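Printed here is final-v8.txt (compact mmCIF, C-alpha atoms):
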# COMPACT_ATOMS: atom_id res chain seq x y z
CA MET C 143 133.80 63.95 130.60
CA GLN C 144 132.48 66.41 133.09
CA ILE C 145 131.96 70.12 132.30
CA SER C 146 133.01 72.30 135.20
CA LEU C 147 131.43 75.55 136.29
CA ALA C 148 134.67 77.43 135.55
CA ASP C 149 134.65 76.25 131.92
CA THR C 150 131.00 77.28 131.55
CA MET C 151 131.68 80.75 132.97
CA LEU C 152 134.75 81.17 130.74
CA VAL C 153 132.73 80.37 127.61
CA THR C 154 129.93 82.71 128.71
CA VAL C 155 132.21 85.64 129.48
CA THR C 156 134.18 85.12 126.26
CA GLY C 157 130.98 85.07 124.19
CA ILE C 158 129.64 88.24 125.81
CA ALA C 159 132.99 89.99 125.32
CA ILE C 160 133.11 89.04 121.62
CA VAL C 161 129.55 90.30 121.07
CA PHE C 162 130.30 93.68 122.66
CA ILE C 163 133.58 94.06 120.76
CA VAL C 164 131.79 93.39 117.47
CA LEU C 165 129.05 95.89 118.39
CA ILE C 166 131.64 98.57 119.17
CA VAL C 167 133.35 97.92 115.83
CA LEU C 168 129.99 98.20 114.01
CA VAL C 169 129.20 101.50 115.75
CA PHE C 170 132.61 102.84 114.72
CA ILE C 171 132.04 101.75 111.10
CA MET C 172 128.62 103.43 111.03
CA PHE C 173 130.17 106.58 112.48
CA LEU C 174 132.75 106.61 109.69
CA PHE C 175 130.05 106.09 107.03
CA GLY C 176 128.16 109.04 108.48
CA ARG C 177 131.28 111.21 108.39
CA PHE C 178 132.08 110.34 104.79
CA GLY C 179 128.45 110.82 103.75
CA ALA C 180 128.24 114.21 105.44
CA ALA C 181 131.56 115.29 103.90
CA GLY C 182 130.30 114.47 100.41
CA LYS C 183 127.09 116.42 100.90
CA GLY C 184 128.93 119.44 102.25
CA LYS C 185 131.21 119.62 99.22
CA LYS C 186 128.31 119.49 96.82
CA LYS C 187 126.48 122.28 98.64
CA LYS C 188 129.54 124.50 98.80
CA ALA C 189 130.31 124.00 95.11
CA ALA C 190 126.86 125.12 94.01
CA ALA C 191 126.55 128.81 93.25
CA PRO C 192 124.07 130.73 95.39
CA ALA C 193 120.81 131.47 93.66
CA ALA C 194 120.13 135.05 92.67
CA PRO C 195 117.44 136.74 94.75
CA ALA C 196 114.08 137.11 93.12
CA ALA C 197 113.33 140.40 91.45
CA PRO C 198 110.77 142.51 93.28
CA ALA C 199 107.33 141.65 92.05
CA ALA C 200 104.88 144.38 91.23
CA PRO C 201 101.62 144.24 93.17
CA PRO C 202 99.26 142.00 91.21
CA ALA C 203 96.18 143.40 89.57
CA PRO C 204 92.91 142.14 91.01
CA PRO C 205 91.99 138.90 89.24
CA ALA C 206 88.98 138.76 87.00
CA ALA C 207 85.95 136.80 88.11
CA GLY C 208 86.42 133.09 87.59
CA SER C 209 90.22 133.17 87.32
CA ALA C 210 90.92 132.86 91.07
CA ASP C 211 91.79 129.20 90.52
CA ASP C 212 94.44 130.06 87.95
CA GLU C 213 97.86 128.94 89.19
CA GLY C 214 99.60 131.97 87.72
CA ASP C 215 97.47 134.34 89.75
CA LEU C 216 98.07 132.30 92.88
CA LEU C 217 101.82 132.34 92.34
CA ALA C 218 101.75 136.10 91.75
CA VAL C 219 99.89 136.66 95.02
CA LEU C 220 102.33 134.41 96.88
CA ALA C 221 105.31 136.23 95.37
CA ALA C 222 103.86 139.60 96.33
CA ALA C 223 103.25 138.43 99.89
CA VAL C 224 106.79 137.10 100.21
CA TYR C 225 108.20 140.34 98.81
CA ALA C 226 106.10 142.43 101.21
CA TYR C 227 107.25 140.32 104.15
CA GLY C 228 110.85 140.72 103.03
CA GLU C 229 110.46 144.50 102.94
CA GLN C 230 109.19 144.50 106.52
CA THR C 231 112.05 142.39 107.85
CA GLY C 232 114.76 143.96 105.69
CA LYS C 233 115.70 140.68 103.99
CA GLN C 234 115.19 139.33 100.51
CA TYR C 235 113.29 136.08 100.15
CA ALA C 236 112.67 133.97 97.07
CA ILE C 237 110.10 131.33 96.24
CA ARG C 238 112.09 128.32 95.05
CA GLY C 239 109.22 126.00 94.30
CA VAL C 240 105.53 125.43 94.80
CA ARG C 241 104.04 121.98 95.12
CA PRO C 242 100.54 120.94 96.12
CA THR C 243 99.80 119.55 99.53
CA SER C 244 98.23 116.14 100.01
CA SER C 245 95.07 115.33 98.14
CA ARG C 246 93.23 114.76 101.43
CA SER C 247 90.99 117.42 102.86
CA ALA C 248 91.72 118.79 106.30
CA TRP C 249 88.97 116.63 107.81
CA ALA C 250 90.28 113.47 106.17
CA ALA C 251 93.82 114.21 107.36
CA ALA C 252 92.54 114.82 110.91
CA GLY C 253 90.62 111.53 110.86
CA LEU C 254 93.67 109.67 109.59
CA TYR C 255 95.81 111.19 112.33
CA GLU C 256 93.21 110.37 114.97
CA ASN C 257 92.99 106.73 113.92
CA THR C 258 96.74 106.12 113.53
CA ARG C 259 98.30 108.12 116.34
CA PRO C 260 100.34 106.20 118.90
CA PHE C 261 98.85 105.40 122.26

Would you mind giving the structure from this file in structure tokens?
Amino acid sequence: MQISLADTMLVTVTGIAIVFIVLIVLVFIMFLFGRFGAAGKGKKKKAAAPAAPAAPAAPPAPPAAGSADDEGDLLAVLAAAVYAYGEQTGKQYAIRGVRPTSSRSAWAAAGLYENTRPF
């Protein structure tokens, strides 16, 4: 039995067509998953009540010697700075959370970036 060129081309074109049809279907399915995922997130955000703006903070008293590392003093200074900035712009801002940055120093982070940046 001899395989003709027409049969070979028919199998090739059919295979390529099936692959592209399946890819288009997968893209459509991923699009739908994205839509349903975004719709669920939007409902949760709309249902949550807006947070009350932070009360104006009084200017902090100068910290005593040795207590500059105290987290409470640092948060008070940050809150006062945010409040002062809000007064200048005419908006109310609130500090929602404070978390420490990475444990690396600035020099270590720069060295890591230098050694791992793309070409």

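One finds atom CA of Glu213 of chain C at 27.0 Å from atom CA of Thr231 of chain C.
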
Open item on the list: For a test of reading the model, state the distance in Å between atom CA of Val224 of chain C and atom CA of Pro242 of chain C, rounded to one decimal.
Closed with: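 Result for atom CA of Val224 of chain C versus atom CA of Pro242 of chain C: 17.8 Å, one decimal.
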
Task: Spatial neighbours of Ala221 of chain C, 8 Å, all atoms listed in the file, chain gap at least 3 places, as a list in words - done: Ala199, Leu217, Ala218, Val224, Tyr225, Ala236 and Ile237 of chain C

- [ ] Please indicate the distance in Å from atom CA of Val161 of chain C to atom CA of Met143 of chain C, rounded to one decimal place.
- [x] 28.3 Å

Can you report as AutoDock Vina command-line options the centre and edge lengths in Å, to one decimal, of an axis-aligned box around the listed atoms of segment 152-171 of chain C padded with 3 Å on each side?
--center_x 131.9 --center_y 91.6 --center_z 120.9 --size_x 11.7 --size_y 28.5 --size_z 25.6

May I ask you to restore N, CA and C atoms in segment 226-255 of chain C and write the result as a compact mmCIF listing (two decimals), in the frame of the given file?
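The resulting part.txt:
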# COMPACT_ATOMS: atom_id res chain seq x y z
N ALA C 226 106.54 141.49 100.19
CA ALA C 226 106.10 142.43 101.21
C ALA C 226 106.66 142.05 102.58
N TYR C 227 106.68 140.77 102.88
CA TYR C 227 107.25 140.32 104.15
C TYR C 227 108.74 140.62 104.21
N GLY C 228 109.42 140.44 103.09
CA GLY C 228 110.85 140.72 103.03
C GLY C 228 111.14 142.19 103.24
N GLU C 229 110.28 143.06 102.73
CA GLU C 229 110.46 144.50 102.94
C GLU C 229 110.32 144.86 104.41
N GLN C 230 109.40 144.21 105.10
CA GLN C 230 109.19 144.50 106.52
C GLN C 230 110.37 144.05 107.37
N THR C 231 110.95 142.92 107.04
CA THR C 231 112.05 142.39 107.85
C THR C 231 113.41 142.87 107.38
N GLY C 232 113.48 143.47 106.19
CA GLY C 232 114.76 143.96 105.69
C GLY C 232 115.59 142.88 105.01
N LYS C 233 114.99 141.77 104.67
CA LYS C 233 115.70 140.68 103.99
C LYS C 233 115.04 140.42 102.65
N GLN C 234 115.76 139.72 101.79
CA GLN C 234 115.19 139.33 100.51
C GLN C 234 114.90 137.83 100.54
N TYR C 235 113.69 137.47 100.21
CA TYR C 235 113.29 136.08 100.15
C TYR C 235 112.93 135.72 98.71
N ALA C 236 113.02 134.44 98.41
CA ALA C 236 112.67 133.97 97.07
C ALA C 236 111.85 132.70 97.19
N ILE C 237 110.89 132.56 96.31
CA ILE C 237 110.10 131.33 96.24
C ILE C 237 110.85 130.39 95.32
N ARG C 238 111.29 129.26 95.83
CA ARG C 238 112.09 128.32 95.05
C ARG C 238 111.23 127.26 94.38
N GLY C 239 110.07 127.01 94.91
CA GLY C 239 109.22 126.00 94.30
C GLY C 239 107.87 125.96 94.99
N VAL C 240 106.88 125.55 94.25
CA VAL C 240 105.53 125.43 94.80
C VAL C 240 105.05 124.04 94.42
N ARG C 241 104.59 123.30 95.40
CA ARG C 241 104.04 121.98 95.12
C ARG C 241 102.76 121.82 95.94
N PRO C 242 101.82 121.09 95.42
CA PRO C 242 100.54 120.94 96.12
C PRO C 242 100.70 120.10 97.38
N THR C 243 99.82 120.35 98.32
CA THR C 243 99.80 119.55 99.53
C THR C 243 99.09 118.23 99.22
N SER C 244 98.86 117.44 100.23
CA SER C 244 98.23 116.14 100.01
C SER C 244 96.84 116.31 99.41
N SER C 245 96.37 115.27 98.80
CA SER C 245 95.07 115.33 98.14
C SER C 245 93.92 115.18 99.14
N ARG C 246 94.26 114.92 100.41
CA ARG C 246 93.23 114.76 101.43
C ARG C 246 92.76 116.14 101.91
N SER C 247 91.49 116.20 102.25
CA SER C 247 90.99 117.42 102.86
C SER C 247 91.47 117.49 104.31
N ALA C 248 91.28 118.63 104.92
CA ALA C 248 91.72 118.79 106.30
C ALA C 248 91.00 117.81 107.22
N TRP C 249 89.73 117.56 106.97
CA TRP C 249 88.97 116.63 107.81
C TRP C 249 89.46 115.20 107.64
N ALA C 250 89.78 114.82 106.41
CA ALA C 250 90.28 113.47 106.17
C ALA C 250 91.64 113.28 106.82
N ALA C 251 92.50 114.31 106.74
CA ALA C 251 93.82 114.21 107.36
C ALA C 251 93.69 114.13 108.88
N ALA C 252 92.75 114.88 109.46
CA ALA C 252 92.54 114.82 110.91
C ALA C 252 92.02 113.44 111.33
N GLY C 253 91.12 112.87 110.55
CA GLY C 253 90.62 111.53 110.86
C GLY C 253 91.71 110.47 110.75
N LEU C 254 92.56 110.60 109.74
CA LEU C 254 93.67 109.67 109.59
C LEU C 254 94.62 109.77 110.77
N TYR C 255 94.93 111.00 111.18
CA TYR C 255 95.81 111.19 112.33
C TYR C 255 95.18 110.62 113.59
